[in-house]
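To start, the structure itself, in structure tokens.
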Amino acid sequence: MRIARQMLDEIAAHAHEDAPDECCGMIGTRDDSATNLYRARNAEASPLRYVVHPQDQFQIMEQMDDCGEELGAIYHSHTKSPAYPSQTDINLADGWPDPLYVICSIADASPDVRAFAIRDGRVREVALDVA
Ligand SMILES: [Zn+2]
């Protein structure tokens with residue numbers, strides 16, 4: 001997936017704003033390029049897990065539809081752990097295997113953003129093509 005550096009910065013900014021809770025949102029893509037970032041509420045409001053608020057999810061999917069975008073990725077933050085899917089993340093992805101999972105860790109001074117495909121309980125890192 002191609003993504004602008006500015007969009008990664010926006011995800012990190014969102015992560016810092018919602019800390020210590022995890023933040024989450026969605027990334028709309030066209031032709032495997034990230035075109036829009038959509039913030040969502042974390043329905044769990046938790047520092048350990050996230051659930052994209054169902055109402056936000058519905059609205060964002062409509063907006064993506066209007067923009068001719070696909071749901072390219074779901075993003076969330078890790079405030080105290082590395083940018084790697086937790087077992088909770090892997091379980092959550094079970095019902096939704098198509099989008100990539102972008103995780104932004106703000107555990108260290110400089111944010112680390114990485115993307116993963118999570119299918120059938122298996123995690124595979126996917127390179128982000130940062131423009
Ligand atoms: Zn996580």
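Please note that chains go A, B, ... in the order of the structure tokens, that every chain numbers its residues from 1, and that ligands are numbered from 1 in the order shown.
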
All residues 8 Å or closer to Met26 in chain A, only C-alpha atoms, same chain fewer than 5 positions away omitted, as a PyMOL selection string = chain A and resi 37-40+60+71-75

Selection: 7 Å around Pro47 in chain A, only C-alpha atoms, excl. self and same-chain fewer than 4 positions, as a PyMOL selection string = chain A and resi 20-22

With N, CA, C and O atoms retained, could you export that selection as a PDB file, in the first residue's frame?
```pdb
ATOM      1  N   PRO A  20      -3.782   7.732  27.156  1.00  0.00           N
ATOM      2  CA  PRO A  20      -3.238   6.365  27.145  1.00  0.00           C
ATOM      3  C   PRO A  20      -4.148   5.325  26.476  1.00  0.00           C
ATOM      4  O   PRO A  20      -3.740   4.182  26.365  1.00  0.00           O
ATOM      5  N   ASP A  21      -5.359   5.725  26.061  1.00  0.00           N
ATOM      6  CA  ASP A  21      -6.197   4.759  25.355  1.00  0.00           C
ATOM      7  C   ASP A  21      -5.683   4.550  23.928  1.00  0.00           C
ATOM      8  O   ASP A  21      -5.029   5.432  23.368  1.00  0.00           O
ATOM      9  N   GLU A  22      -5.998   3.418  23.366  1.00  0.00           N
ATOM     10  CA  GLU A  22      -5.675   3.174  21.965  1.00  0.00           C
ATOM     11  C   GLU A  22      -6.615   3.990  21.087  1.00  0.00           C
ATOM     12  O   GLU A  22      -7.798   4.144  21.406  1.00  0.00           O
TER      13      GLU A  22
END
```

Might you pull out every residue within 12 Å of Gln63 in chain A, with only C-alpha atoms counted and same-chain residues fewer than 3 positions away left off, and present them as number ranges by chain?
-> A: 26-28, 36-38, 56-60, 66-71

Mind dumping a table of every chain A residue within 8 Å of ligand 1, with the nearest atom pair and its distance in Å to one decimal, using only C-alpha atoms and all ligand atoms, sorted by chain and rising number, as CSV?
```
residue,atom,partner,partner_atom_place_in_ligand_line,distance
A:Glu22,CA,ligand 1,1 (Zn),8.0
A:Leu48,CA,ligand 1,1 (Zn),7.2
A:Arg49,CA,ligand 1,1 (Zn),5.9
A:Tyr50,CA,ligand 1,1 (Zn),7.1
A:His76,CA,ligand 1,1 (Zn),6.5
A:Ser77,CA,ligand 1,1 (Zn),6.5
A:His78,CA,ligand 1,1 (Zn),5.9
A:Ala83,CA,ligand 1,1 (Zn),7.9
A:Tyr84,CA,ligand 1,1 (Zn),7.2
A:Pro85,CA,ligand 1,1 (Zn),5.2
A:Ser86,CA,ligand 1,1 (Zn),5.2
A:Thr88,CA,ligand 1,1 (Zn),6.9
A:Asp89,CA,ligand 1,1 (Zn),5.0
A:Ile103,CA,ligand 1,1 (Zn),6.8
```

Those same residues, written as an mmCIF file, in the first residue's frame with C-alpha atoms?
```cif
data_model
loop_
_atom_site.group_PDB
_atom_site.id
_atom_site.type_symbol
_atom_site.label_atom_id
_atom_site.label_comp_id
_atom_site.auth_asym_id
_atom_site.auth_seq_id
_atom_site.Cartn_x
_atom_site.Cartn_y
_atom_site.Cartn_z
ATOM 1 C CA GLU A 22 -5.675 3.174 21.965
ATOM 2 C CA LEU A 48 -5.250 -2.440 25.823
ATOM 3 C CA ARG A 49 -7.654 -2.974 22.964
ATOM 4 C CA TYR A 50 -9.812 -1.254 20.401
ATOM 5 C CA HIS A 76 -4.952 1.550 15.757
ATOM 6 C CA SER A 77 -2.290 2.538 18.234
ATOM 7 C CA HIS A 78 -0.173 0.759 20.792
ATOM 8 C CA ALA A 83 3.915 -2.062 16.490
ATOM 9 C CA TYR A 84 3.026 -5.723 16.229
ATOM 10 C CA PRO A 85 -0.435 -7.368 16.432
ATOM 11 C CA SER A 86 -1.414 -8.629 19.889
ATOM 12 C CA THR A 88 -6.418 -9.688 20.826
ATOM 13 C CA ASP A 89 -5.744 -7.995 17.462
ATOM 14 C CA ILE A 103 -0.412 -0.325 13.949
#
```

Fewer than 2 positions away in the same chain doesn't count, so skip those; otherwise give me all residues within 10 Å of Pro111 in chain A, counting only C-alpha atoms, as a PyMOL selection string.
-> chain A and resi 8-9+11-13+15-16+77-79+82-83+104-109+113-114

For those residues, write all heavy atoms to a file as a compact mmCIF listing (two decimals), in the first residue's frame.
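Written file, part20.txt:
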```txt
# COMPACT_ATOMS: atom_id res chain seq x y z
N LEU A 8 0.86 9.17 7.76
CA LEU A 8 1.46 8.46 8.90
C LEU A 8 1.59 9.41 10.09
O LEU A 8 1.35 9.01 11.24
CB LEU A 8 2.84 7.90 8.51
CG LEU A 8 2.87 6.85 7.41
CD1 LEU A 8 4.30 6.38 7.18
CD2 LEU A 8 1.96 5.67 7.74
N ASP A 9 1.96 10.66 9.82
CA ASP A 9 2.07 11.66 10.88
C ASP A 9 0.71 11.90 11.53
O ASP A 9 0.62 12.10 12.74
CB ASP A 9 2.62 12.98 10.34
CG ASP A 9 4.08 12.85 9.90
OD1 ASP A 9 4.74 11.86 10.27
OD2 ASP A 9 4.56 13.75 9.17
N ILE A 11 -1.73 9.73 11.80
CA ILE A 11 -2.04 8.57 12.65
C ILE A 11 -1.30 8.70 13.99
O ILE A 11 -1.88 8.49 15.06
CB ILE A 11 -1.66 7.25 11.94
CG1 ILE A 11 -2.55 7.04 10.71
CG2 ILE A 11 -1.79 6.07 12.89
CD1 ILE A 11 -2.13 5.87 9.82
N ALA A 12 -0.04 9.10 13.92
CA ALA A 12 0.75 9.28 15.15
C ALA A 12 0.15 10.38 16.01
O ALA A 12 0.09 10.26 17.25
CB ALA A 12 2.20 9.57 14.81
N ALA A 13 -0.32 11.45 15.38
CA ALA A 13 -0.94 12.56 16.13
C ALA A 13 -2.20 12.06 16.83
O ALA A 13 -2.44 12.38 18.00
CB ALA A 13 -1.26 13.71 15.18
N ALA A 15 -2.81 9.01 17.74
CA ALA A 15 -2.36 8.12 18.82
C ALA A 15 -1.99 8.92 20.07
O ALA A 15 -2.36 8.55 21.18
CB ALA A 15 -1.17 7.28 18.35
N HIS A 16 -1.29 10.02 19.88
CA HIS A 16 -0.89 10.85 21.02
C HIS A 16 -2.09 11.52 21.68
O HIS A 16 -2.17 11.62 22.89
CB HIS A 16 0.14 11.90 20.59
CG HIS A 16 1.53 11.34 20.51
ND1 HIS A 16 2.23 11.22 19.32
CD2 HIS A 16 2.34 10.84 21.46
CE1 HIS A 16 3.42 10.67 19.57
NE2 HIS A 16 3.51 10.44 20.86
N SER A 77 -3.56 2.21 17.61
CA SER A 77 -2.29 2.54 18.23
C SER A 77 -1.96 1.55 19.34
O SER A 77 -2.85 0.91 19.92
CB SER A 77 -2.35 3.95 18.82
OG SER A 77 -3.34 4.02 19.84
N HIS A 78 -0.67 1.42 19.59
CA HIS A 78 -0.17 0.76 20.79
C HIS A 78 0.60 1.83 21.56
O HIS A 78 1.57 2.36 21.05
CB HIS A 78 0.75 -0.41 20.43
CG HIS A 78 0.01 -1.62 19.96
ND1 HIS A 78 0.65 -2.76 19.52
CD2 HIS A 78 -1.32 -1.89 19.87
CE1 HIS A 78 -0.26 -3.67 19.18
NE2 HIS A 78 -1.46 -3.16 19.37
N THR A 79 0.14 2.11 22.77
CA THR A 79 0.78 3.21 23.48
C THR A 79 2.00 2.75 24.29
O THR A 79 2.87 3.54 24.60
CB THR A 79 -0.23 3.92 24.42
OG1 THR A 79 -0.83 2.94 25.27
CG2 THR A 79 -1.33 4.60 23.60
N PRO A 82 5.21 -2.62 21.23
CA PRO A 82 5.69 -2.44 19.85
C PRO A 82 4.56 -2.50 18.81
O PRO A 82 3.46 -2.98 19.11
CB PRO A 82 6.65 -3.62 19.65
CG PRO A 82 6.93 -4.16 21.00
CD PRO A 82 5.77 -3.81 21.87
N ALA A 83 4.88 -2.06 17.59
CA ALA A 83 3.91 -2.06 16.49
C ALA A 83 3.81 -3.46 15.90
O ALA A 83 4.28 -3.73 14.79
CB ALA A 83 4.33 -1.04 15.43
N CYS A 104 0.30 1.74 14.94
CA CYS A 104 1.23 2.83 15.25
C CYS A 104 1.62 2.72 16.71
O CYS A 104 0.78 2.86 17.60
CB CYS A 104 0.54 4.17 14.98
SG CYS A 104 1.52 5.58 15.51
N SER A 105 2.89 2.45 16.96
CA SER A 105 3.37 2.39 18.34
C SER A 105 3.98 3.73 18.72
O SER A 105 4.81 4.29 17.99
CB SER A 105 4.43 1.29 18.49
OG SER A 105 5.03 1.41 19.78
N ILE A 106 3.53 4.23 19.88
CA ILE A 106 4.14 5.46 20.40
C ILE A 106 4.87 5.15 21.72
O ILE A 106 5.05 6.01 22.57
CB ILE A 106 3.11 6.59 20.59
CG1 ILE A 106 1.92 6.11 21.45
CG2 ILE A 106 2.62 7.11 19.25
CD1 ILE A 106 1.01 7.26 21.90
N ALA A 107 5.27 3.87 21.85
CA ALA A 107 5.98 3.45 23.07
C ALA A 107 7.35 4.12 23.15
O ALA A 107 7.84 4.41 24.24
CB ALA A 107 6.13 1.94 23.09
N ASP A 108 7.98 4.37 22.00
CA ASP A 108 9.27 5.04 21.98
C ASP A 108 9.09 6.49 21.56
O ASP A 108 8.01 6.89 21.16
CB ASP A 108 10.22 4.33 21.01
CG ASP A 108 10.56 2.92 21.49
OD1 ASP A 108 10.68 2.73 22.71
OD2 ASP A 108 10.67 2.03 20.63
N ALA A 109 10.17 7.24 21.64
CA ALA A 109 10.11 8.68 21.34
C ALA A 109 9.62 8.94 19.91
O ALA A 109 8.81 9.83 19.69
CB ALA A 109 11.48 9.31 21.55
N VAL A 113 5.29 2.97 12.65
CA VAL A 113 4.04 2.55 12.01
C VAL A 113 4.33 1.40 11.06
O VAL A 113 5.19 1.51 10.18
CB VAL A 113 3.40 3.72 11.21
CG1 VAL A 113 2.03 3.31 10.67
CG2 VAL A 113 3.26 4.96 12.08
N ARG A 114 3.62 0.29 11.27
CA ARG A 114 3.82 -0.88 10.42
C ARG A 114 2.46 -1.46 10.02
O ARG A 114 1.46 -1.23 10.68
CB ARG A 114 4.65 -1.93 11.17
CG ARG A 114 6.05 -1.42 11.48
CD ARG A 114 6.73 -2.24 12.54
NE ARG A 114 7.10 -3.55 12.02
CZ ARG A 114 7.67 -4.51 12.78
NH1 ARG A 114 7.89 -4.31 14.05
NH2 ARG A 114 7.98 -5.67 12.25
```

Interatomic distance, CA of Asp32 in chain A to CA of Ser81 in chain A (Å, one decimal) =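 Pair CA of Asp32 in chain A / CA of Ser81 in chain A returns 27.8 Å.
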